[in-house]
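S.K.: One file is attached below, start_9.cif, containing mmCIF, C-alpha atoms.
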```
data_run
#
loop_
_atom_site.group_PDB
_atom_site.id
_atom_site.type_symbol
_atom_site.label_atom_id
_atom_site.label_comp_id
_atom_site.auth_asym_id
_atom_site.auth_seq_id
_atom_site.Cartn_x
_atom_site.Cartn_y
_atom_site.Cartn_z
ATOM 1 C CA MET A 1489 0.000 0.000 0.000
ATOM 2 C CA PRO A 1490 2.724 2.582 0.814
ATOM 3 C CA VAL A 1491 4.279 1.877 -2.596
ATOM 4 C CA LEU A 1492 0.983 2.441 -4.396
ATOM 5 C CA HIS A 1493 0.424 5.603 -2.418
ATOM 6 C CA THR A 1494 3.866 6.876 -3.406
ATOM 7 C CA ILE A 1495 3.273 6.121 -7.104
ATOM 8 C CA GLY A 1496 -0.053 7.981 -7.010
ATOM 9 C CA SER A 1497 1.604 10.971 -5.354
ATOM 10 C CA VAL A 1498 4.303 11.043 -8.008
ATOM 11 C CA ARG A 1499 1.705 10.931 -10.761
ATOM 12 C CA ARG A 1500 -0.234 13.805 -9.227
ATOM 13 C CA LEU A 1501 2.983 15.810 -8.851
ATOM 14 C CA CYS A 1502 3.921 15.244 -12.510
ATOM 15 C CA LEU A 1503 0.476 16.348 -13.679
ATOM 16 C CA ALA A 1504 0.663 19.458 -11.517
ATOM 17 C CA LEU A 1505 4.115 20.334 -12.890
ATOM 18 C CA LEU A 1506 2.892 19.796 -16.475
ATOM 19 C CA ALA A 1507 -0.150 22.038 -15.926
ATOM 20 C CA ALA A 1508 2.047 24.741 -14.414
ATOM 21 C CA ALA A 1509 4.428 24.536 -17.349
ATOM 22 C CA LEU A 1510 1.552 24.940 -19.816
ATOM 23 C CA LEU A 1511 0.122 27.901 -17.943
ATOM 24 C CA LEU A 1512 3.483 29.611 -17.674
ATOM 25 C CA GLY A 1513 4.398 28.809 -21.238
ATOM 26 C CA ALA A 1514 1.179 30.109 -22.835
ATOM 27 C CA PRO A 1515 1.978 33.832 -22.498
ATOM 28 C CA GLY A 1516 5.489 33.261 -23.780
ATOM 29 C CA ALA A 1517 4.171 31.471 -26.876
ATOM 30 C CA ALA A 1518 1.677 34.238 -27.536
ATOM 31 C CA ALA A 1519 4.404 36.834 -27.148
ATOM 32 C CA ALA A 1520 6.605 34.941 -29.574
ATOM 33 C CA ASP A 1521 3.795 34.961 -32.133
ATOM 34 C CA GLU A 1522 3.229 38.706 -31.808
ATOM 35 C CA PRO A 1523 4.659 40.687 -34.766
ATOM 36 C CA GLY A 1524 6.338 43.196 -32.482
ATOM 37 C CA TRP A 1525 5.721 46.290 -34.610
ATOM 38 C CA THR A 1526 2.930 48.246 -36.311
ATOM 39 C CA ALA A 1527 2.679 50.596 -39.285
ATOM 40 C CA GLU A 1528 0.091 53.368 -39.654
ATOM 41 C CA PRO A 1529 -0.255 56.961 -40.873
ATOM 42 C CA ALA A 1530 1.371 59.424 -38.504
ATOM 43 C CA ALA A 1531 -1.131 61.615 -36.697
ATOM 44 C CA GLY A 1532 -1.799 64.966 -38.348
ATOM 45 C CA SER A 1533 -1.819 68.406 -36.795
ATOM 46 C CA ALA A 1534 -5.072 67.593 -34.983
ATOM 47 C CA ALA A 1535 -3.469 64.433 -33.530
ATOM 48 C CA ALA A 1536 -6.391 62.373 -34.867
ATOM 49 C CA ALA A 1537 -5.829 58.782 -35.918
ATOM 50 C CA ARG A 1538 -6.000 58.122 -39.659
ATOM 51 C CA PRO A 1539 -6.883 54.703 -41.074
ATOM 52 C CA SER A 1540 -5.202 55.522 -44.396
ATOM 53 C CA PHE A 1541 -3.462 58.288 -46.347
ATOM 54 C CA TYR A 1542 -5.312 60.748 -48.567
ATOM 55 C CA LEU A 1543 -3.180 62.836 -50.935
ATOM 56 C CA ALA A 1544 -4.323 65.024 -53.821
ATOM 57 C CA GLY A 1545 -2.689 67.474 -56.185
ATOM 58 C CA PRO A 1546 -2.225 68.449 -59.829
ATOM 59 C CA ALA A 1547 0.008 66.449 -62.156
ATOM 60 C CA GLY A 1548 3.689 67.370 -61.939
ATOM 61 C CA THR A 1549 3.698 68.174 -58.214
ATOM 62 C CA VAL A 1550 5.336 66.457 -55.239
ATOM 63 C CA LEU A 1551 3.196 65.503 -52.229
ATOM 64 C CA GLU A 1552 4.497 64.608 -48.753
ATOM 65 C CA ASP A 1553 3.285 62.615 -45.761
ATOM 66 C CA ARG A 1554 4.658 60.501 -42.881
ATOM 67 C CA LEU A 1555 4.424 56.857 -41.831
ATOM 68 C CA ALA A 1556 4.602 55.895 -38.145
ATOM 69 C CA LEU A 1557 6.387 52.649 -37.181
ATOM 70 C CA THR A 1558 5.987 51.521 -33.573
ATOM 71 C CA ASN A 1559 8.144 48.796 -31.999
ATOM 72 C CA THR A 1560 6.093 47.192 -29.230
ATOM 73 C CA SER A 1561 8.634 44.469 -28.421
ATOM 74 C CA ASP A 1562 11.830 44.233 -26.365
ATOM 75 C CA ARG A 1563 14.127 43.717 -29.354
ATOM 76 C CA GLU A 1564 15.198 45.818 -32.328
ATOM 77 C CA HIS A 1565 13.344 45.418 -35.635
ATOM 78 C CA THR A 1566 14.591 46.259 -39.137
ATOM 79 C CA VAL A 1567 11.759 47.184 -41.483
ATOM 80 C CA ILE A 1568 12.011 47.788 -45.238
ATOM 81 C CA LEU A 1569 9.627 50.336 -46.782
ATOM 82 C CA ARG A 1570 8.372 50.685 -50.367
ATOM 83 C CA GLY A 1571 5.469 51.942 -52.448
ATOM 84 C CA ALA A 1572 3.091 49.549 -54.210
ATOM 85 C CA ASP A 1573 0.119 49.488 -56.538
ATOM 86 C CA ALA A 1574 -3.128 48.591 -54.779
ATOM 87 C CA TYR A 1575 -6.418 47.038 -55.793
ATOM 88 C CA ASN A 1576 -9.624 45.582 -54.348
ATOM 89 C CA THR A 1577 -10.221 41.847 -54.466
ATOM 90 C CA ALA A 1578 -13.537 40.369 -55.630
ATOM 91 C CA ASP A 1579 -14.844 40.369 -52.050
ATOM 92 C CA GLY A 1580 -13.847 44.010 -51.518
ATOM 93 C CA ALA A 1581 -10.671 43.414 -49.489
ATOM 94 C CA PHE A 1582 -7.742 45.794 -49.932
ATOM 95 C CA ALA A 1583 -4.597 44.200 -51.399
ATOM 96 C CA VAL A 1584 -1.206 45.248 -52.781
ATOM 97 C CA ARG A 1585 0.673 43.964 -55.783
ATOM 98 C CA PRO A 1586 4.090 42.284 -55.548
ATOM 99 C CA VAL A 1587 7.254 44.329 -56.033
ATOM 100 C CA GLN A 1588 7.747 43.260 -59.658
ATOM 101 C CA ASP A 1589 4.193 44.291 -60.560
ATOM 102 C CA SER A 1590 4.371 47.854 -59.221
ATOM 103 C CA ALA A 1591 4.381 49.928 -62.393
ATOM 104 C CA GLY A 1592 1.551 52.344 -61.555
ATOM 105 C CA ALA A 1593 0.999 54.829 -58.747
ATOM 106 C CA GLY A 1594 3.083 52.709 -56.365
ATOM 107 C CA SER A 1595 6.196 53.684 -58.305
ATOM 108 C CA TRP A 1596 5.479 57.355 -57.551
ATOM 109 C CA ILE A 1597 6.096 56.760 -53.823
ATOM 110 C CA SER A 1598 9.627 57.132 -52.440
ATOM 111 C CA PHE A 1599 11.162 56.878 -48.971
ATOM 112 C CA GLY A 1600 14.596 57.959 -50.219
ATOM 113 C CA ALA A 1601 17.422 57.053 -47.832
ATOM 114 C CA ALA A 1602 14.863 56.008 -45.191
ATOM 115 C CA ALA A 1603 13.722 52.908 -47.083
ATOM 116 C CA THR A 1604 15.370 50.718 -44.397
ATOM 117 C CA VAL A 1605 14.524 51.636 -40.800
ATOM 118 C CA LYS A 1606 15.964 50.164 -37.583
ATOM 119 C CA ILE A 1607 13.503 50.604 -34.715
ATOM 120 C CA PRO A 1608 14.909 50.216 -31.168
ATOM 121 C CA PRO A 1609 12.824 48.393 -28.542
ATOM 122 C CA ARG A 1610 9.743 50.249 -27.262
ATOM 123 C CA THR A 1611 10.311 53.079 -29.746
ATOM 124 C CA ARG A 1612 8.185 54.911 -32.315
ATOM 125 C CA ALA A 1613 9.776 56.117 -35.543
ATOM 126 C CA VAL A 1614 8.147 58.603 -37.911
ATOM 127 C CA VAL A 1615 9.363 58.216 -41.493
ATOM 128 C CA PRO A 1616 8.639 60.839 -44.191
ATOM 129 C CA PHE A 1617 7.921 59.883 -47.791
ATOM 130 C CA THR A 1618 7.072 61.681 -51.019
ATOM 131 C CA VAL A 1619 4.658 61.036 -53.875
ATOM 132 C CA THR A 1620 5.825 62.519 -57.173
ATOM 133 C CA LEU A 1621 2.927 62.898 -59.605
ATOM 134 C CA PRO A 1622 4.217 62.608 -63.199
ATOM 135 C CA PRO A 1623 3.429 65.563 -65.481
ATOM 136 C CA ALA A 1624 1.469 63.190 -67.743
ATOM 137 C CA ALA A 1625 -0.493 61.539 -64.894
ATOM 138 C CA LEU A 1626 -4.155 61.123 -65.810
ATOM 139 C CA PRO A 1627 -6.750 62.905 -63.650
ATOM 140 C CA GLY A 1628 -8.719 60.852 -61.169
ATOM 141 C CA ASP A 1629 -8.096 58.247 -58.477
ATOM 142 C CA HIS A 1630 -4.950 56.103 -58.477
ATOM 143 C CA PRO A 1631 -4.950 53.313 -55.837
ATOM 144 C CA ALA A 1632 -1.623 52.839 -54.073
ATOM 145 C CA ALA A 1633 -0.116 51.782 -50.742
ATOM 146 C CA VAL A 1634 2.993 52.065 -48.614
ATOM 147 C CA VAL A 1635 4.273 48.655 -47.568
ATOM 148 C CA ALA A 1636 6.434 47.754 -44.547
ATOM 149 C CA THR A 1637 8.213 44.391 -44.605
ATOM 150 C CA GLU A 1638 10.319 42.407 -42.146
ATOM 151 C CA GLY A 1639 11.123 38.773 -42.783
ATOM 152 C CA GLY A 1640 7.941 37.096 -43.943
ATOM 153 C CA ARG A 1641 5.602 39.750 -42.532
ATOM 154 C CA GLU A 1642 4.196 42.503 -44.764
ATOM 155 C CA VAL A 1643 1.877 45.350 -43.739
ATOM 156 C CA GLY A 1644 0.231 47.606 -46.312
ATOM 157 C CA VAL A 1645 -1.255 51.012 -45.527
ATOM 158 C CA ARG A 1646 -3.649 52.347 -48.136
ATOM 159 C CA VAL A 1647 -2.963 55.580 -50.021
ATOM 160 C CA HIS A 1648 -5.988 57.330 -51.556
ATOM 161 C CA LEU A 1649 -4.273 59.303 -54.313
ATOM 162 C CA ARG A 1650 -6.124 61.719 -56.605
ATOM 163 C CA VAL A 1651 -4.599 63.640 -59.501
ATOM 164 C CA GLY A 1652 -6.318 66.949 -60.160
ATOM 165 C CA GLY A 1653 -8.274 67.576 -63.346
ATOM 166 C CA PRO A 1654 -11.591 66.550 -64.909
ATOM 167 C CA THR A 1655 -13.180 63.562 -63.185
ATOM 168 C CA LEU A 1656 -15.775 61.169 -64.539
ATOM 169 C CA ALA A 1657 -18.046 58.966 -62.428
ATOM 170 C CA ALA A 1658 -19.537 56.284 -64.654
ATOM 171 C CA LEU A 1659 -20.539 52.650 -64.226
ATOM 172 C CA THR A 1660 -22.454 49.930 -66.024
ATOM 173 C CA VAL A 1661 -24.248 46.778 -64.904
ATOM 174 C CA GLU A 1662 -23.925 43.774 -67.212
ATOM 175 C CA ASP A 1663 -24.417 40.002 -67.560
ATOM 176 C CA VAL A 1664 -27.598 39.785 -65.492
ATOM 177 C CA SER A 1665 -29.004 36.288 -64.933
ATOM 178 C CA VAL A 1666 -31.059 34.315 -62.416
ATOM 179 C CA ARG A 1667 -29.636 31.210 -60.762
ATOM 180 C CA GLY A 1668 -31.506 28.725 -58.629
ATOM 181 C CA LYS A 1669 -35.184 28.527 -57.741
ATOM 182 C CA GLY A 1670 -37.463 29.460 -54.860
ATOM 183 C CA ALA A 1671 -35.846 30.668 -51.666
ATOM 184 C CA ARG A 1672 -32.404 29.759 -53.064
ATOM 185 C CA ALA A 1673 -32.713 31.992 -56.127
ATOM 186 C CA VAL A 1674 -29.992 34.575 -56.651
ATOM 187 C CA ILE A 1675 -29.487 37.264 -59.261
ATOM 188 C CA ALA A 1676 -25.986 37.320 -60.747
ATOM 189 C CA TYR A 1677 -24.592 40.466 -62.364
ATOM 190 C CA THR A 1678 -21.365 42.316 -63.134
ATOM 191 C CA LEU A 1679 -20.482 45.893 -62.251
ATOM 192 C CA VAL A 1680 -17.885 47.842 -64.248
ATOM 193 C CA ASN A 1681 -16.376 51.194 -63.278
ATOM 194 C CA ARG A 1682 -16.074 53.070 -66.573
ATOM 195 C CA GLY A 1683 -14.831 56.326 -65.021
ATOM 196 C CA ASN A 1684 -11.675 57.576 -63.324
ATOM 197 C CA VAL A 1685 -12.862 57.867 -59.704
ATOM 198 C CA ALA A 1686 -13.696 55.245 -57.071
ATOM 199 C CA LEU A 1687 -17.408 54.509 -56.681
ATOM 200 C CA ALA A 1688 -19.628 53.313 -53.814
ATOM 201 C CA PRO A 1689 -22.582 51.737 -55.677
ATOM 202 C CA GLU A 1690 -26.162 51.075 -54.575
ATOM 203 C CA LEU A 1691 -28.447 48.445 -56.114
ATOM 204 C CA ALA A 1692 -32.240 48.409 -56.594
ATOM 205 C CA LEU A 1693 -34.232 45.509 -58.076
ATOM 206 C CA ARG A 1694 -37.643 45.696 -59.744
ATOM 207 C CA ALA A 1695 -39.540 42.631 -60.976
ATOM 208 C CA GLU A 1696 -42.691 42.390 -63.106
ATOM 209 C CA GLY A 1697 -44.507 39.125 -63.792
ATOM 210 C CA LEU A 1698 -47.380 38.038 -65.981
ATOM 211 C CA PHE A 1699 -49.560 37.993 -62.869
ATOM 212 C CA GLY A 1700 -48.539 41.415 -61.574
ATOM 213 C CA GLY A 1701 -45.727 42.877 -59.522
ATOM 214 C CA VAL A 1702 -43.221 40.635 -57.766
ATOM 215 C CA PRO A 1703 -41.359 41.690 -54.594
ATOM 216 C CA GLY A 1704 -37.993 43.161 -55.540
ATOM 217 C CA ARG A 1705 -35.544 45.120 -53.441
ATOM 218 C CA THR A 1706 -35.243 48.807 -52.654
ATOM 219 C CA ALA A 1707 -31.947 50.581 -53.177
ATOM 220 C CA ARG A 1708 -29.250 49.537 -50.736
ATOM 221 C CA ALA A 1709 -25.508 50.094 -50.507
ATOM 222 C CA LEU A 1710 -23.354 47.257 -51.821
ATOM 223 C CA PRO A 1711 -20.403 46.038 -49.730
ATOM 224 C CA VAL A 1712 -17.880 46.876 -52.432
ATOM 225 C CA GLU A 1713 -15.793 49.835 -53.598
ATOM 226 C CA LEU A 1714 -15.286 50.000 -57.346
ATOM 227 C CA LEU A 1715 -11.893 51.392 -58.320
ATOM 228 C CA PRO A 1716 -11.395 52.978 -61.763
ATOM 229 C CA GLY A 1717 -11.494 50.301 -64.441
ATOM 230 C CA GLN A 1718 -12.468 47.562 -61.996
ATOM 231 C CA ARG A 1719 -14.921 44.816 -62.992
ATOM 232 C CA VAL A 1720 -16.532 42.717 -60.255
ATOM 233 C CA SER A 1721 -19.113 39.917 -60.435
ATOM 234 C CA LEU A 1722 -21.689 39.801 -57.628
ATOM 235 C CA THR A 1723 -24.816 37.906 -56.638
ATOM 236 C CA GLU A 1724 -27.926 39.233 -54.923
ATOM 237 C CA PRO A 1725 -30.149 36.878 -52.871
ATOM 238 C CA TRP A 1726 -33.749 36.820 -54.110
ATOM 239 C CA PRO A 1727 -35.789 34.770 -51.627
ATOM 240 C CA ALA A 1728 -39.035 36.292 -52.960
ATOM 241 C CA ALA A 1729 -38.620 34.654 -56.387
ATOM 242 C CA PRO A 1730 -41.965 33.230 -57.583
ATOM 243 C CA VAL A 1731 -42.757 29.546 -58.026
ATOM 244 C CA LEU A 1732 -44.662 29.974 -61.291
ATOM 245 C CA ASP A 1733 -44.290 33.073 -63.443
ATOM 246 C CA ASP A 1734 -42.483 34.730 -66.342
ATOM 247 C CA ILE A 1735 -40.474 37.575 -64.822
ATOM 248 C CA ASP A 1736 -38.898 40.691 -66.316
ATOM 249 C CA LEU A 1737 -36.108 41.958 -64.048
ATOM 250 C CA THR A 1738 -34.701 45.470 -63.988
ATOM 251 C CA LEU A 1739 -31.502 46.157 -62.053
ATOM 252 C CA THR A 1740 -30.643 49.785 -61.388
ATOM 253 C CA VAL A 1741 -27.251 50.701 -59.956
ATOM 254 C CA THR A 1742 -26.421 54.210 -58.770
ATOM 255 C CA ALA A 1743 -23.354 55.911 -57.314
ATOM 256 C CA PRO A 1744 -22.692 59.495 -56.204
ATOM 257 C CA GLY A 1745 -21.978 61.662 -59.235
ATOM 258 C CA ALA A 1746 -22.748 58.912 -61.770
ATOM 259 C CA ALA A 1747 -25.799 58.473 -63.970
ATOM 260 C CA PRO A 1748 -27.957 55.464 -63.025
ATOM 261 C CA ALA A 1749 -27.012 52.263 -64.826
ATOM 262 C CA THR A 1750 -29.777 49.850 -65.799
ATOM 263 C CA ALA A 1751 -29.837 46.320 -67.179
ATOM 264 C CA THR A 1752 -32.649 43.862 -67.749
ATOM 265 C CA ALA A 1753 -33.119 40.126 -67.866
ATOM 266 C CA SER A 1754 -36.035 37.722 -67.996
ATOM 267 C CA ALA A 1755 -36.539 34.362 -66.335
ATOM 268 C CA TRP A 1756 -39.166 31.633 -66.299
ATOM 269 C CA PHE A 1757 -40.178 29.951 -63.111
ATOM 270 C CA VAL A 1758 -41.980 26.624 -63.670
ATOM 271 C CA PRO A 1759 -42.186 23.975 -60.890
ATOM 272 C CA TRP A 1760 -41.166 21.010 -63.048
ATOM 273 C CA GLY A 1761 -39.861 19.065 -60.077
ATOM 274 C CA LEU A 1762 -43.157 19.368 -58.227
ATOM 275 C CA ALA A 1763 -45.085 18.254 -61.305
ATOM 276 C CA ALA A 1764 -42.845 15.231 -61.788
ATOM 277 C CA ARG A 1765 -43.270 14.148 -58.156
ATOM 278 C CA THR A 1766 -47.065 14.479 -58.161
ATOM 279 C CA GLY A 1767 -47.847 12.601 -61.376
ATOM 280 C CA ALA A 1768 -48.520 12.870 -65.075
ATOM 281 C CA GLY A 1769 -51.609 15.028 -64.514
ATOM 282 C CA LEU A 1770 -49.523 17.869 -63.219
ATOM 283 C CA LEU A 1771 -47.014 17.281 -65.983
ATOM 284 C CA GLY A 1772 -49.815 17.939 -68.415
ATOM 285 C CA LEU A 1773 -50.820 20.959 -66.381
ATOM 286 C CA GLY A 1774 -47.218 22.160 -66.472
ATOM 287 C CA GLY A 1775 -47.248 21.846 -70.263
ATOM 288 C CA LEU A 1776 -50.488 23.790 -70.541
ATOM 289 C CA THR A 1777 -49.124 26.431 -68.172
ATOM 290 C CA THR A 1778 -45.965 26.793 -70.229
ATOM 291 C CA ALA A 1779 -48.036 27.138 -73.395
ATOM 292 C CA ALA A 1780 -50.120 29.827 -71.700
ATOM 293 C CA LEU A 1781 -46.997 31.682 -70.607
ATOM 294 C CA LEU A 1782 -45.636 31.536 -74.150
ATOM 295 C CA LEU A 1783 -48.912 32.843 -75.556
ATOM 296 C CA VAL A 1784 -49.130 35.744 -73.109
ATOM 297 C CA ARG A 1785 -45.479 36.669 -73.661
ATOM 298 C CA SER A 1786 -45.969 36.521 -77.437
ATOM 299 C CA ARG A 1787 -48.995 38.794 -77.224
ATOM 300 C CA ARG A 1788 -47.217 41.147 -74.870
ATOM 301 C CA SER A 1789 -44.225 41.421 -77.209
ATOM 302 C CA ARG A 1790 -46.539 42.205 -80.169
ATOM 303 C CA ARG A 1791 -48.584 44.742 -78.266
ATOM 304 C CA GLU A 1792 -49.634 47.667 -80.479
ATOM 305 C CA PRO A 1793 -48.854 51.248 -79.411
ATOM 306 C CA PRO A 1794 -51.705 53.076 -77.641
ATOM 307 C CA ALA A 1795 -54.235 54.799 -79.880
ATOM 308 C CA HIS A 1796 -53.235 58.260 -78.734
ATOM 309 C CA GLU A 1797 -49.627 57.712 -79.790
ATOM 310 C CA GLU A 1798 -48.681 58.203 -83.425
ATOM 311 C CA PRO A 1799 -46.243 55.595 -84.799
ATOM 312 C CA VAL A 1800 -42.825 57.129 -85.376
ATOM 313 C CA PRO A 1801 -41.599 56.835 -88.984
ATOM 314 C CA ALA A 1802 -38.653 54.474 -89.333
ATOM 315 C CA GLY A 1803 -36.341 57.220 -90.525
ATOM 316 C CA ASN A 1804 -37.026 59.410 -87.479
ATOM 317 C CA ARG A 1805 -36.627 56.792 -84.770
ATOM 318 C CA ALA A 1806 -33.962 57.459 -82.163
ATOM 319 C CA PRO A 1807 -31.263 54.793 -81.913
ATOM 320 C CA GLU A 1808 -31.978 52.156 -79.284
ATOM 321 C CA HIS A 1809 -29.610 51.926 -76.334
ATOM 322 C CA GLU A 1810 -28.465 48.373 -75.792
ATOM 323 C CA LEU A 1811 -28.927 47.007 -72.285
ATOM 324 C CA THR A 1812 -26.529 44.197 -71.581
ATOM 325 C CA GLY A 1813 -28.321 41.399 -69.774
ATOM 326 C CA ALA A 1814 -28.737 37.669 -69.690
ATOM 327 C CA SER A 1815 -31.990 36.134 -70.822
ATOM 328 C CA ARG A 1816 -33.053 32.667 -70.044
#
```
Take the structure in this file and express it as structure tokens.
M.R.:
Amino acid sequence: MPVLHTIGSVRRLCLALLAAALLLGAPGAAAADEPGWTAEPAAGSAAAARPSFYLAGPAGTVLEDRLALTNTSDREHTVILRGADAYNTADGAFAVRPVQDSAGAGSWISFGAAATVKIPPRTRAVVPFTVTLPPAALPGDHPAAVVATEGGREVGVRVHLRVGGPTLAALTVEDVSVRGKGARAVIAYTLVNRGNVALAPELALRAEGLFGGVPGRTARALPVELLPGQRVSLTEPWPAAPVLDDIDLTLTVTAPGAAPATATASAWFVPWGLAARTGAGLLGLGGLTTAALLLVRSRRSRREPPAHEEPVPAGNRAPEHELTGASR
């Protein structure tokens, strides 16, 4: 019995020592995983924090700002600084291009002799940089970033850069289609920024069926920023899609300063699966329903102009504006 008691005591002691080691070691492991330094825009004259840089000026000028590097660790860090081109990913996240791909606004950024910075422990360094706008720089927004790198860690700070001159806010909505049925239906579409300034778009959806109006969606802000020239494909949930109808969809996208962009599409909703599961009778009904939908659509497409409207001679008709959309 004394031997067994001793073995049990030893086991309990070992477990206690192991638990203590884990508890004591956890903070050290977390500290080892911490990056040890941060990069952010230096506070301005009002000492207010800035999430990113905003610089603007006419082509041919030199702009200046400062980057703050803070060493929060107990050892020295050596950070390398550079400019980079920036873009938005399909899900709206900010990203920077690799060094070899920086041929745009990122190449206008220079840290001069301060491109390599040694930051002592518990120290904050403020590093100036310049942005030289080429004389031939096009007016509008040019996405860029300043990037700080040490080892395998890279931190990018966004630079909103605008070159003075005429600006154009313009966008289009294209490739509209309906995917799925019922509560799982979604509307797929593509937005394209045709101008030279970043856009914050809003989307509205209107739907008309053979049996009257169908619930759509009022204008709401989209979780995406469209940079100049950017094309992004999105989907919009449409849980109110009908079970049986022939729908004409109208998507209207707006953005501050831009003319509304509109695209249309049409989609049929026929419950073939339900008909197949409930027997040939409903299959026949589904066929009759489809024929009826075709007939109504055919008549609607051949509808004559109202009596009070005089037909416009062919030679005087205004050119039709093409609306890019997907039809089922």
S.K.: Which residues are near A:Val1605? Cut-off 10 Å, all atoms listed in the file, ignore same chain within fewer than 6 positions. Put them as a list in words.
M.R.: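 After dropping sequence-adjacent residues, the list is Leu1557, His1565, Thr1566, Val1567, Ile1568, Leu1569, Ala1613, Val1614, Val1615 and Ala1636 of chain A.
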S.K.: Take the residues that were just selected and, keeping C-alpha atoms, output them as a PDB file, in the coordinates of the input.
M.R.:
```pdb
ATOM      1  CA  LEU A1557       6.387  52.649 -37.181  1.00  0.00           C
ATOM      2  CA  HIS A1565      13.344  45.418 -35.635  1.00  0.00           C
ATOM      3  CA  THR A1566      14.591  46.259 -39.137  1.00  0.00           C
ATOM      4  CA  VAL A1567      11.759  47.184 -41.483  1.00  0.00           C
ATOM      5  CA  ILE A1568      12.011  47.788 -45.238  1.00  0.00           C
ATOM      6  CA  LEU A1569       9.627  50.336 -46.782  1.00  0.00           C
ATOM      7  CA  ALA A1613       9.776  56.117 -35.543  1.00  0.00           C
ATOM      8  CA  VAL A1614       8.147  58.603 -37.911  1.00  0.00           C
ATOM      9  CA  VAL A1615       9.363  58.216 -41.493  1.00  0.00           C
ATOM     10  CA  ALA A1636       6.434  47.754 -44.547  1.00  0.00           C
TER      11      ALA A1636
END
```
S.K.: Could you tell me which of A:Arg1719, A:Arg1612, A:Lys1606, A:Arg1538 comes closest to A:Gly1580 if we count only C-alpha atoms?
M.R.: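 Checking each candidate against A:Gly1580, we get A:Arg1719 as the closest.
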S.K.: Set the distance at 8 Å and use all atoms listed in the file: which residues neighbour A:Trp1756 once local chain neighbours fewer than 3 positions away are removed? I'd like the list as a ChimeraX atom specification.
M.R.: /A:1732-1735,1816
S.K.: Evaluate the PyMOL selection byres ((chain A and resi 1728) around 7) on the structure here and hand back the selected residues as a count of residues only.
M.R.: 6
S.K.: Starting from the shown file, work through the PyMOL selection byres ((chain A and resi 1684) around 6) and note down what comes out as a list of chain:residue names.
M.R.: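 So the PyMOL selection byres ((chain A and resi 1684) around 6), applied here, picks out A:Gly1628, A:Leu1656, A:Gly1683, A:Val1685, A:Pro1716.
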S.K.: Exactly which residues make up the result of the PyMOL selection byres ((chain A and resi 1593) around 8) on this file, given as a compact mmCIF listing (two decimals) with C-alpha atoms, in the coordinates of the input?
M.R.:
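expr-v2.txt was written with the following content:
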```txt
# COMPACT_ATOMS: atom_id res chain seq x y z
CA ALA A 1572 3.09 49.55 -54.21
CA ASP A 1573 0.12 49.49 -56.54
CA SER A 1590 4.37 47.85 -59.22
CA ALA A 1591 4.38 49.93 -62.39
CA GLY A 1592 1.55 52.34 -61.56
CA GLY A 1594 3.08 52.71 -56.36
CA SER A 1595 6.20 53.68 -58.30
CA TRP A 1596 5.48 57.36 -57.55
CA ILE A 1597 6.10 56.76 -53.82
CA HIS A 1630 -4.95 56.10 -58.48
CA PRO A 1631 -4.95 53.31 -55.84
CA ALA A 1632 -1.62 52.84 -54.07
```
S.K.: Pick from A:Gly1644, A:Pro1744, A:Pro1523, A:Pro1539: nearest to A:Arg1585, with all atoms listed in the file counted?
M.R.: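 Closest candidate: A:Gly1644.
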S.K.: Pick from A:Pro1689, A:Pro1586, A:Gly1571, A:Pro1622: nearest to A:Leu1659, with only C-alpha atoms counted?
M.R.: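 Among the listed residues, the smallest separation from A:Leu1659 belongs to A:Pro1689.
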S.K.: Work out how far atom CA of A:Glu1724 is from atom CA of A:Val1712, in Å to one decimal.
M.R.: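 Answer for the atom CA of A:Val1712 to atom CA of A:Glu1724 separation: 12.9 Å.
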S.K.: Between atom CA of A:Thr1620 and atom CA of A:Ala1527, what is the distance in Å, rounded to a tenth?
M.R.: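 One can read the atom CA of A:Thr1620 to atom CA of A:Ala1527 distance as 21.7 Å.
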S.K.: Please compute the atom CA of A:Val1661-atom CA of A:Asp1629 distance, one decimal, in Å.
M.R.: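 That distance, rounded to one decimal, is 20.8 Å.
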